[in-house]
Structures are given as structure tokens and as C-alpha cells.
Amino acid sequence: MKDRTHNVLDFRSVSKRYGATIALEDISFEMRSGEVCGLLGENGAGKSTLVKILSGVVTPDTGSIELRGAPFKPQGIVDARSAGIATAFQELSLIPTLSVAANLFLPRPALNRLGLVSARNIEREAGEILQAHDVTDIAPRRLVEDLPLGMRQKVEIVRALRHRPAVLVLDEATAALSDREWLFKLVDAAVRGGTSVLYISHKLDEIRRLCQRCVILRNGRKVLESDVESMSDEAIFSSMAGRSVVEAAEKAPSAVRVGATPALEVGHLVGPGVNDISFSLAPGEILGVAGLEGHGQSSLFKSLVGLSTLRQGTISVGGKATSVGSPRAARRLGMVLVPEERKSEGLFHDLTTQANISLPMIDKVSPFRLVNRSSELRLVEQVTPAVNLSKRLLPLNIGALSGGNQQKAVLARALITGARCLLLFDPTRGVDVGAKRNIYAMMRAFVRDGGSILFYSTELDELVQLCDRCLVLYRNLIAGELGHDHLSQDRMLSLASGYRDGSRQPAAPGA
């Protein structure tokens, strides 16, 4: 029998089912004080369910958990945090309409002697907390909804760390961060202070940098627990997928239809976060967009589907000049945006997966305003194979799915509209290697069939592997364009940092 006297966390024979679907089955592992343990697994392996159980969001059907030798049965996130387990979620748990300071102190902000919350006091204390965690670029009084995703991710992480938990759960914590070293330093400091860290990531370099051990899940079961140092990348991928997997996508032949009328052409777009942007997108082309956080990429994508109002510029779709006032108008023109945050911008959490996918076309299967579920299912099943989304997941509430399967559902909803131009904003953020492979395959099939894709990714290697050309943004304008033969991470980073090739001089706004 294992010696459990030094364990901070004991996860023993835990199982969870959703109807006939096994999310976790007989999972056991331990964590010791000051240890970083990686949690790996492909799309749908059970990682999200395990995180929700530790966070108090989900109650296991069977099994037991002990925290510092005492039974751990949290009734919610706050209860789990009070007991000593704090989670920084991949799908952020911040309240967008409140300030950074208010979010840091929820749900129990300090009261003054009159029994009221003093905004001045909590902003001052929040500033001290942010400074202590080396965050100097976020004002405590700013509303969370006004922050870029990377900054929101930092606030989520700081909120979890400020409670000095016995166990810190980091769920794909670098997915939206431009500066991973900031997080790594915080993890190192927390570990020195005795905190144990459960680190969920699909990035093996991060697992090797931070973790001593890793636990690998597949289909809801633990298939391996081993020291990271003793495992090769190939062995890890094989354990995750049950077969050999290569993470990097192979370069595919170009499908660009040279000489064809552009699928999308924009000229001199100017608006909030967009400064004189012009480009064209050909049928069969994947046109990449690269840029460091906050340099206009989000504004550009939103302006193209009417979510941000342009002050000037032209947009042509299929050779015809048009104006786009809303996402619905964009969809009628054949353009669909897959947004940055699936949780808040892409999902309807109270609906099934099938309903989430069919929503744009629901009128087609609703004679007399009553949804014909059989017709709806047939419609949905026309697009789910393109993203490799299992039919068994369609009746489930979409909140029960893993992040990767949720993203597949969002992509399937884009395809069901019959769109010929997809605007994909970081579609592989936070998904594992298996889900990435499915998304890459969908993208390549889409352009082979004559569709066009405008593709932003925070992972520059994806842009190199998948794109025919790449636009690099700096200060809300195009700092440079890299053709197929010149795509490299070094060139992208140089332009995205404000330097022109060869000159190493900062690019001036409007240049």
C-alpha cells in the first residue's frame, strides 16, 4: 500500500457519468506538497470533468477525495477555494461587467466600517495584489470586458494565486498568454511556498519545463502515470491517442485558385482598432493574420462581420461591393466568424450540442414553428463528419462537452450555414493535439472545395504550416505581408514587434 502521509491531495477511484457517456472511470492519483503534476489527454479524455470535480462544479458519482488528509466534498467553486483548491479556468470565470478589483475580491469584498464596499479601498488593495504578481499593465478599475483576452487570463490566474491555495489547478493557462515566462515564474514561486500545482496543457514543452510527473487520460480512464523525464514525446502522444501522433501539421499543397475573382477584398478600412487595412482573399486560400496581443487583429475580424463599425473603407464579397452591418448580414453574404472565446461568444449553454449547431438554419427544420428533431438531426449530421464530432455527443448539453468538442460544435455551426468564407480567430486555442488535427483537416478540406479562410492564430507555427500567405499586424495596421516561400516564425515576430526586415527599425504608425 502506498504511503499517503505526505500527500496533499488523494484522488481515489473517482468516476463520473453523464447518462450512457463515461466521463471519468475509476481515476486515482496523488499529489505531494510543492509538486507540479501535469494532466494530459486528447479531446474528450476527461480532463475538463476532473477539473470541474476538483473545483466543486461537478460532484462525482463514486470515489473519494482527500485534501490534506480530510474529506474534500466541495459544494461549489467558493467552497473548494475556501478548503484550499483554487482553479484558473481556461474558460474564464470572471464577471465581464465588473472591474478587475471587484473580480479579484469576489464573492466577499472587504467592507468598511459602515458595512459598505469601498471601491477606493478594493482598487488600492487590488493594485498591490497585481503588483505582487508582476502585473503592471492592468488598472484595477478597468472593466474586465474591456480587457484583451490575454489580460483577462492574467486576472484569472492572479485571482487563483492570491488565495495561496494548497492545490492550484491551471487549465490551459497559457492558451491566451503572450508571455508564458510570466506564468512560469509565478508557478516556480508558488511551488517554493509549498503549493502543489495540477497543470493541464497540450503543450509538451510546458509540461517538460514545469512538471515532475504527468498523468495521462484517455476515454475517461487513466492510461499512464510516470515521471516526465523518463518519457519521450512519442510515448506521451501514443498514450494520449492510443496510436502514434505527430503534433506538427505537414505542409499541404496550395489550393489557391489563381486568377479567380477574390472571395473577399477590402480596401483602406479605418475604424476602432483598424488603421488603413487593405487585402484580398482568393478562393482556395488560407490567409494568415499574425500579431502580438492588442495590435488590431480582434478589431479587424469583428469589423468584417459588422460587430465593429467602420468609419471608412470598402468591402467586396465575390467581386460585389457591399456593406456588412451585422453577423447575420455577413452570413447572408457567405461569411461566418468563429469567435475568440467560445464560452462567452460562441455557445448557448442551456442548449444541446445538436441545437447549438443547427441554430443558424433552424427555420429550415421548423415547419409551423415547431422543430422537427429528426430533420434537425439529419441536417446536423451533414456537417459533423467534417470536424470529426461524434454523433453520441449531439443529444448532450453542450456544457458537458470538453473544450475541444465544444470548439468542433462551433465550427460545425459555421459550416452548416453553407459559408464560403470562414474567419477563424484562434480556433485551436486550448485544444489538444487530436482536436487540432481535426481542425487542420477541416480547414484544408474547406479550401480544397473552393472555400476561403482568414486565419488568426497565437501559435506562429500553425500559420507557417497552414497558410498560403500571412499578413502581420503592428499598431492596428499591416506591417508586412509574407508570401508562401518566406513564411517563418522569425520574420513574423520581427514584423509583429515593429521592425522591418533587415532594418531593425521600429515601424511608425501609418507607415
# chains A, B, ... in the order shown; residues from 1 in each chain; ligands from 1

call {"tool": "residues_around", "arguments": {"residues": "Gly69 of chain A", "least_positions_apart": "3", "cutoff": "8 Å", "atoms": "only C-alpha atoms", "output": "number ranges by chain"}}
result
A: 5, 7-9, 66

call {"tool": "residues_around", "arguments": {"residues": "segment 283-288 of chain A", "least_positions_apart": "4", "cutoff": "8 Å", "atoms": "only C-alpha atoms", "output": "PyMOL selection string"}}
result
chain A and resi 254-257+260-263+446-457+463+466-471

call {"tool": "residues_around", "arguments": {"residues": "segment 20-26 of chain A", "least_positions_apart": "4", "cutoff": "10 Å", "atoms": "only C-alpha atoms", "output": "short mmCIF file (atom, residue, chain, number, x, y, z; two decimals) with N, CA and C atoms, in the first residue's frame"}}
result
data_model
loop_
_atom_site.label_atom_id
_atom_site.label_comp_id
_atom_site.auth_asym_id
_atom_site.auth_seq_id
_atom_site.Cartn_x
_atom_site.Cartn_y
_atom_site.Cartn_z
N PHE A 11 -6.84 11.47 -4.80
CA PHE A 11 -7.98 11.31 -5.71
C PHE A 11 -8.15 9.81 -5.88
N ARG A 12 -9.22 9.22 -5.29
CA ARG A 12 -9.29 7.76 -5.19
C ARG A 12 -10.53 7.20 -5.88
N SER A 13 -10.31 6.44 -6.92
CA SER A 13 -11.36 5.67 -7.61
C SER A 13 -12.56 6.53 -7.97
N VAL A 14 -12.31 7.71 -8.51
CA VAL A 14 -13.38 8.66 -8.83
C VAL A 14 -13.95 8.35 -10.21
N SER A 15 -15.28 8.32 -10.28
CA SER A 15 -15.98 8.08 -11.55
C SER A 15 -17.10 9.10 -11.71
N LYS A 16 -17.39 9.42 -12.98
CA LYS A 16 -18.49 10.33 -13.29
C LYS A 16 -19.07 9.96 -14.65
N GLY A 44 -11.82 15.15 -25.15
CA GLY A 44 -12.81 14.24 -24.58
C GLY A 44 -12.23 13.18 -23.66
N ALA A 45 -10.97 13.33 -23.26
CA ALA A 45 -10.33 12.31 -22.41
C ALA A 45 -10.84 12.33 -20.98
N GLY A 46 -11.43 13.45 -20.54
CA GLY A 46 -11.93 13.55 -19.17
C GLY A 46 -11.27 14.64 -18.35
N LYS A 47 -10.34 15.39 -18.95
CA LYS A 47 -9.62 16.42 -18.20
C LYS A 47 -10.57 17.48 -17.65
N SER A 48 -11.50 17.94 -18.47
CA SER A 48 -12.41 19.00 -18.04
C SER A 48 -13.29 18.54 -16.88
N THR A 49 -13.74 17.30 -16.94
CA THR A 49 -14.57 16.77 -15.85
C THR A 49 -13.78 16.69 -14.56
N LEU A 50 -12.54 16.25 -14.65
CA LEU A 50 -11.69 16.15 -13.46
C LEU A 50 -11.48 17.54 -12.84
N PRO A 60 -18.73 13.96 -8.13
CA PRO A 60 -18.50 12.63 -8.70
C PRO A 60 -19.60 11.65 -8.28
N ASP A 61 -19.82 10.63 -9.11
CA ASP A 61 -20.81 9.60 -8.78
C ASP A 61 -20.27 8.65 -7.73
N THR A 62 -19.02 8.27 -7.86
CA THR A 62 -18.39 7.35 -6.90
C THR A 62 -16.96 7.80 -6.65
N GLY A 63 -16.36 7.23 -5.60
CA GLY A 63 -14.99 7.55 -5.26
C GLY A 63 -14.91 8.60 -4.17
N LEU A 217 -4.80 10.75 -19.42
CA LEU A 217 -6.14 10.17 -19.52
C LEU A 217 -6.47 9.86 -20.98
N ARG A 218 -7.25 8.81 -21.17
CA ARG A 218 -7.79 8.50 -22.50
C ARG A 218 -9.16 7.88 -22.33
N ASN A 219 -10.16 8.47 -22.96
CA ASN A 219 -11.54 7.97 -22.90
C ASN A 219 -12.02 7.82 -21.46
N GLY A 220 -11.66 8.78 -20.61
CA GLY A 220 -12.13 8.78 -19.24
C GLY A 220 -11.36 7.90 -18.28
N ARG A 221 -10.32 7.25 -18.75
CA ARG A 221 -9.55 6.35 -17.89
C ARG A 221 -8.09 6.80 -17.81
N LYS A 222 -7.46 6.52 -16.69
CA LYS A 222 -6.03 6.80 -16.57
C LYS A 222 -5.26 5.68 -17.26
N ARG A 392 -22.71 10.62 -30.83
CA ARG A 392 -23.22 10.36 -29.47
C ARG A 392 -23.22 11.62 -28.60
N LEU A 393 -22.48 12.65 -29.02
CA LEU A 393 -22.42 13.89 -28.24
C LEU A 393 -23.56 14.84 -28.57
N LEU A 396 -26.30 15.64 -25.90
CA LEU A 396 -25.84 16.15 -24.61
C LEU A 396 -25.88 17.67 -24.57
N ALA A 400 -21.54 19.94 -21.11
CA ALA A 400 -20.95 18.68 -20.64
C ALA A 400 -19.78 18.23 -21.52
N LEU A 401 -19.57 18.90 -22.66
CA LEU A 401 -18.51 18.50 -23.58
C LEU A 401 -17.17 19.10 -23.17
N SER A 402 -16.12 18.45 -23.59
CA SER A 402 -14.78 19.01 -23.41
C SER A 402 -14.63 20.26 -24.27
#

call {"tool": "select_by_dssp", "arguments": {"residues": "segment 48-164 of chain A", "states": "alpha helix (DSSP H)", "output": "NGL selection string"}}
result
:A and (48-54 or 77-83 or 100-105 or 119-132 or 149-161)

call {"tool": "write_last_selection", "arguments": {"atoms": "C-alpha atoms", "output": "PDB file, in the first residue's frame"}}
result
ATOM      1  CA  SER A  48     -12.413  19.003 -18.043  1.00  0.00           C
ATOM      2  CA  THR A  49     -14.574  16.774 -15.853  1.00  0.00           C
ATOM      3  CA  LEU A  50     -11.689  16.152 -13.461  1.00  0.00           C
ATOM      4  CA  VAL A  51     -11.048  19.912 -13.191  1.00  0.00           C
ATOM      5  CA  LYS A  52     -14.746  20.575 -12.553  1.00  0.00           C
ATOM      6  CA  ILE A  53     -14.792  17.959  -9.776  1.00  0.00           C
ATOM      7  CA  LEU A  54     -11.761  19.472  -8.048  1.00  0.00           C
ATOM      8  CA  ILE A  77     -16.098  26.992  -6.533  1.00  0.00           C
ATOM      9  CA  VAL A  78     -16.087  29.208  -3.428  1.00  0.00           C
ATOM     10  CA  ASP A  79     -16.307  26.187  -1.137  1.00  0.00           C
ATOM     11  CA  ALA A  80     -13.401  24.496  -2.946  1.00  0.00           C
ATOM     12  CA  ARG A  81     -11.322  27.670  -2.749  1.00  0.00           C
ATOM     13  CA  SER A  82     -12.017  28.040   0.982  1.00  0.00           C
ATOM     14  CA  ALA A  83     -10.904  24.447   1.534  1.00  0.00           C
ATOM     15  CA  VAL A 100     -10.717  43.911 -12.181  1.00  0.00           C
ATOM     16  CA  ALA A 101     -10.644  44.840  -8.490  1.00  0.00           C
ATOM     17  CA  ALA A 102     -14.190  43.596  -7.867  1.00  0.00           C
ATOM     18  CA  ASN A 103     -13.420  40.302  -9.625  1.00  0.00           C
ATOM     19  CA  LEU A 104     -10.294  39.749  -7.530  1.00  0.00           C
ATOM     20  CA  PHE A 105     -12.272  40.043  -4.300  1.00  0.00           C
ATOM     21  CA  ALA A 119     -14.297  50.984  -4.375  1.00  0.00           C
ATOM     22  CA  ARG A 120     -11.247  53.064  -3.459  1.00  0.00           C
ATOM     23  CA  ASN A 121     -10.071  50.518  -0.876  1.00  0.00           C
ATOM     24  CA  ILE A 122     -10.509  47.441  -3.039  1.00  0.00           C
ATOM     25  CA  GLU A 123      -8.849  49.180  -6.004  1.00  0.00           C
ATOM     26  CA  ARG A 124      -5.867  50.074  -3.819  1.00  0.00           C
ATOM     27  CA  GLU A 125      -5.605  46.513  -2.473  1.00  0.00           C
ATOM     28  CA  ALA A 126      -6.110  45.058  -5.958  1.00  0.00           C
ATOM     29  CA  GLY A 127      -3.267  47.214  -7.242  1.00  0.00           C
ATOM     30  CA  GLU A 128      -0.991  45.828  -4.535  1.00  0.00           C
ATOM     31  CA  ILE A 129      -2.025  42.259  -5.411  1.00  0.00           C
ATOM     32  CA  LEU A 130      -1.402  42.796  -9.118  1.00  0.00           C
ATOM     33  CA  GLN A 131       1.996  44.368  -8.409  1.00  0.00           C
ATOM     34  CA  ALA A 132       2.918  41.437  -6.145  1.00  0.00           C
ATOM     35  CA  LEU A 149      -8.227  38.111 -23.649  1.00  0.00           C
ATOM     36  CA  GLY A 150      -4.601  37.767 -22.529  1.00  0.00           C
ATOM     37  CA  MET A 151      -5.070  40.340 -19.783  1.00  0.00           C
ATOM     38  CA  ARG A 152      -8.268  38.637 -18.635  1.00  0.00           C
ATOM     39  CA  GLN A 153      -6.326  35.390 -18.437  1.00  0.00           C
ATOM     40  CA  LYS A 154      -3.771  37.102 -16.186  1.00  0.00           C
ATOM     41  CA  VAL A 155      -6.520  38.347 -13.852  1.00  0.00           C
ATOM     42  CA  GLU A 156      -7.977  34.815 -13.703  1.00  0.00           C
ATOM     43  CA  ILE A 157      -4.574  33.408 -12.728  1.00  0.00           C
ATOM     44  CA  VAL A 158      -3.836  36.116 -10.153  1.00  0.00           C
ATOM     45  CA  ARG A 159      -7.248  35.594  -8.547  1.00  0.00           C
ATOM     46  CA  ALA A 160      -6.493  31.903  -8.091  1.00  0.00           C
ATOM     47  CA  LEU A 161      -2.982  32.534  -6.766  1.00  0.00           C
TER      48      LEU A 161
END

call {"tool": "select_by_dssp", "arguments": {"residues": "segment 192-421 of chain A", "states": "strand (DSSP E or B)", "output": "VMD selection string"}}
result
chain A and resid 196 to 200 213 to 218 221 to 227 264 to 271 274 to 281 286 to 290 312 to 317 320 to 322 335 to 338 352 397 421
